[in-house]
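Asker: The structure that follows is given in the form of structure tokens.
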Amino acid sequence: MSKPILTLRSPAKLNLFLHIVGRRTDGYHLLQSVFQLIDWCDTVTLKVISENEVRRINPIPGVSSEQDLVVRAAKLLKDFCKFEGGVEISLEKEIPMGAGLGGGSSDAASTLIGLNALWNLELEKETLASLGLQLGADVPFFIYGQNAFVEGIGEKLQGIELEKRDFLVIFPRQGITTASIFQAPELTRDHAQITIDGFLASPWSDLSNDCQAVAMRICPEVKQALDWISRAVPGSKPRMSGSGSSVFAVLDPKTDTA
């Protein structure tokens, strides 16, 4: 008898803006952002196995099992539910690592969602999101799977409706670690807060990414990509996503970038 298999698409996200509005006593930064799902995806395939283990069949070079978010997600869920059984995980990466697009968090969310179904655990989304937060601040967003106004350290989500738009996204082929951005002494940490109504009233206004200036210093390729978009798509006001290094611009339906 064949073992159950489930394949899920794990989408990337863009931070349409990123404001750092404070810092907690434990060092975590408080932010405001809007997360926009895009159709750049990884693919996670989960296969139930009889062995009581979590097995990754095509590990990412240089990423240990202890660092691998899909493995960690599966083990976390297995331990939480005291589940006696296992899974074989295959991950096809399309979303670059260190790009500020949330690929690892999305893969972890897909693993939690998929195993909840395959293992017949019947956990609510709220429980999966709580588990996901232990893996990364962006994981709950991907658990809920809708565009959101985001606050706190990334765990406070309000779903919002956004107009469907096309985006030009460039990964400069040089990743940036989140730690290198948030440890920078010159990082803005006191941006004035906005409201969700204020954002929705003018979603493509002069909102910014507070991590961008630091990222351009650490990774000059970020500035090069931003400059290229500004020349190729005049008036598009490109910005960086998350802690980088990917940059993007909203495209007018009539834009021709050929």
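Identifiers for the structure tokens are assigned positionally: chains receive A, B, ... in sequence, residues are indexed from 1 per chain, and ligands are indexed from 1 in the order shown.
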So which bits of stretch 7-231 of chain A end up strand (DSSP E) when you DSSP the backbone, as an NGL selection string?

Answerer: :A and (7-23 or 29-49 or 54-56 or 86-92 or 148-151 or 156-159 or 166-170)

Asker: Quick one: everything within 7 Å of stretch 128-131 of chain A, counting only C-alpha atoms, minus sequence neighbours fewer than 5 positions away in the same chain. Send it as a PyMOL selection string.

Answerer: chain A and resi 112+123+139-140+143

Asker: Between A:Ala108, A:Leu200, A:Val34, A:Leu226, which one has atoms that come closest to A:His19, using only C-alpha atoms?

Answerer: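 Nearest candidate to A:His19 out of A:Ala108, A:Leu200, A:Val34, A:Leu226: A:Val34.
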
Asker: Can you check which parts of stretch 26-142 of chain A lie within 12 Å of stretch 209-219 of chain A? Per residue, the shortest pair of atoms and distance in Å to one decimal, counting only C-alpha atoms, sorted by chain and number, as JSON lines.

Answerer:
```
{"residue": "A:His29", "atom": "CA", "partner": "A:Cys211", "partner_atom": "CA", "distance": 11.7}
{"residue": "A:Leu30", "atom": "CA", "partner": "A:Asp210", "partner_atom": "CA", "distance": 11.9}
{"residue": "A:Leu31", "atom": "CA", "partner": "A:Asp210", "partner_atom": "CA", "distance": 9.7}
{"residue": "A:Gln32", "atom": "CA", "partner": "A:Asn209", "partner_atom": "CA", "distance": 10.1}
{"residue": "A:Ser33", "atom": "CA", "partner": "A:Asn209", "partner_atom": "CA", "distance": 8.9}
{"residue": "A:Val34", "atom": "CA", "partner": "A:Asn209", "partner_atom": "CA", "distance": 11.0}
{"residue": "A:Gly98", "atom": "CA", "partner": "A:Cys219", "partner_atom": "CA", "distance": 11.7}
{"residue": "A:Ala99", "atom": "CA", "partner": "A:Ala215", "partner_atom": "CA", "distance": 11.3}
{"residue": "A:Gly100", "atom": "CA", "partner": "A:Cys211", "partner_atom": "CA", "distance": 10.7}
```

Asker: Could you check which of A:Leu187, A:Leu77, A:Val169, A:Leu91 is closest to A:Ala117, using only C-alpha atoms?

Answerer: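 Among the listed residues, the smallest separation from A:Ala117 belongs to A:Leu77.
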
Asker: List the neighbours of stretch 3-12 of chain A out to 6 Å using only C-alpha atoms; skip same-chain residues closer than 3 positions along the sequence, and give me the result as a PyMOL selection string.

Answerer: chain A and resi 38-48+101-103+106-107

Asker: Any idea what's packed within 10 Å of A:Val150, counting only C-alpha atoms, ignoring anything in its chain fewer than 5 positions away? Could you give it as a ChimeraX atom specification?

Answerer: /A:15,18,31-35,138,141,155-159,196

Asker: Fewer than 5 positions away in the same chain doesn't count, so skip those; otherwise give me all residues within 12 Å of A:Lys82, counting only C-alpha atoms, as a PyMOL selection string.

Answerer: chain A and resi 52+74-77+119+121

Asker: Atoms to include: C-alpha atoms. Write the selected residues as a short mmCIF file (atom, residue, chain, number, x, y, z; two decimals), in the first residue's frame.

Answerer:
```cif
data_model
loop_
_atom_site.label_atom_id
_atom_site.label_comp_id
_atom_site.auth_asym_id
_atom_site.auth_seq_id
_atom_site.Cartn_x
_atom_site.Cartn_y
_atom_site.Cartn_z
CA ASN A 52 9.40 7.11 13.76
CA ALA A 74 8.24 18.70 11.61
CA LYS A 75 10.06 17.78 14.84
CA LEU A 76 8.34 20.56 16.76
CA LEU A 77 4.89 19.37 15.66
CA TRP A 119 -0.98 12.97 10.42
CA LEU A 121 -3.82 15.95 14.05
#
```

Asker: Which of stretch 28-188 of chain A counts as alpha helix (DSSP H) under DSSP, as an MDAnalysis selection string please?

Answerer: chainID A and resid 69:81 103:118 125:133 139:144 178:182

Asker: Calculate how many Å separate atom CA of A:Lys164 from atom CA of A:Ser105, rounding to one decimal.

Answerer: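 Between these atoms lies a distance of 23.0 Å.
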
Asker: Would you list the contacts of stretch 174-177 of chain A as a PyMOL selection string, taking every protein, DNA or RNA residue within 10 Å and counting only C-alpha atoms, but skipping same-chain residues closer than 2 positions in sequence?

Answerer: chain A and resi 96-100+171-172+179-182+215+218-222+243-246

Asker: Go through A:Arg165, A:Ile60, A:Thr111, A:Glu84 one by one, measure the shortest atom-to-atom distance of each to A:Phe142 using only C-alpha atoms, and give the residue with the smallest value.

Answerer: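 Closest to A:Phe142 of all the choices is A:Thr111.
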
Asker: For the atom pair atom CA of A:Phe17 and atom CA of A:Ser241, what is the interatomic distance in Å to one decimal place?

Answerer: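 Atom-to-atom, atom CA of A:Phe17 to atom CA of A:Ser241, that is 7.4 Å.
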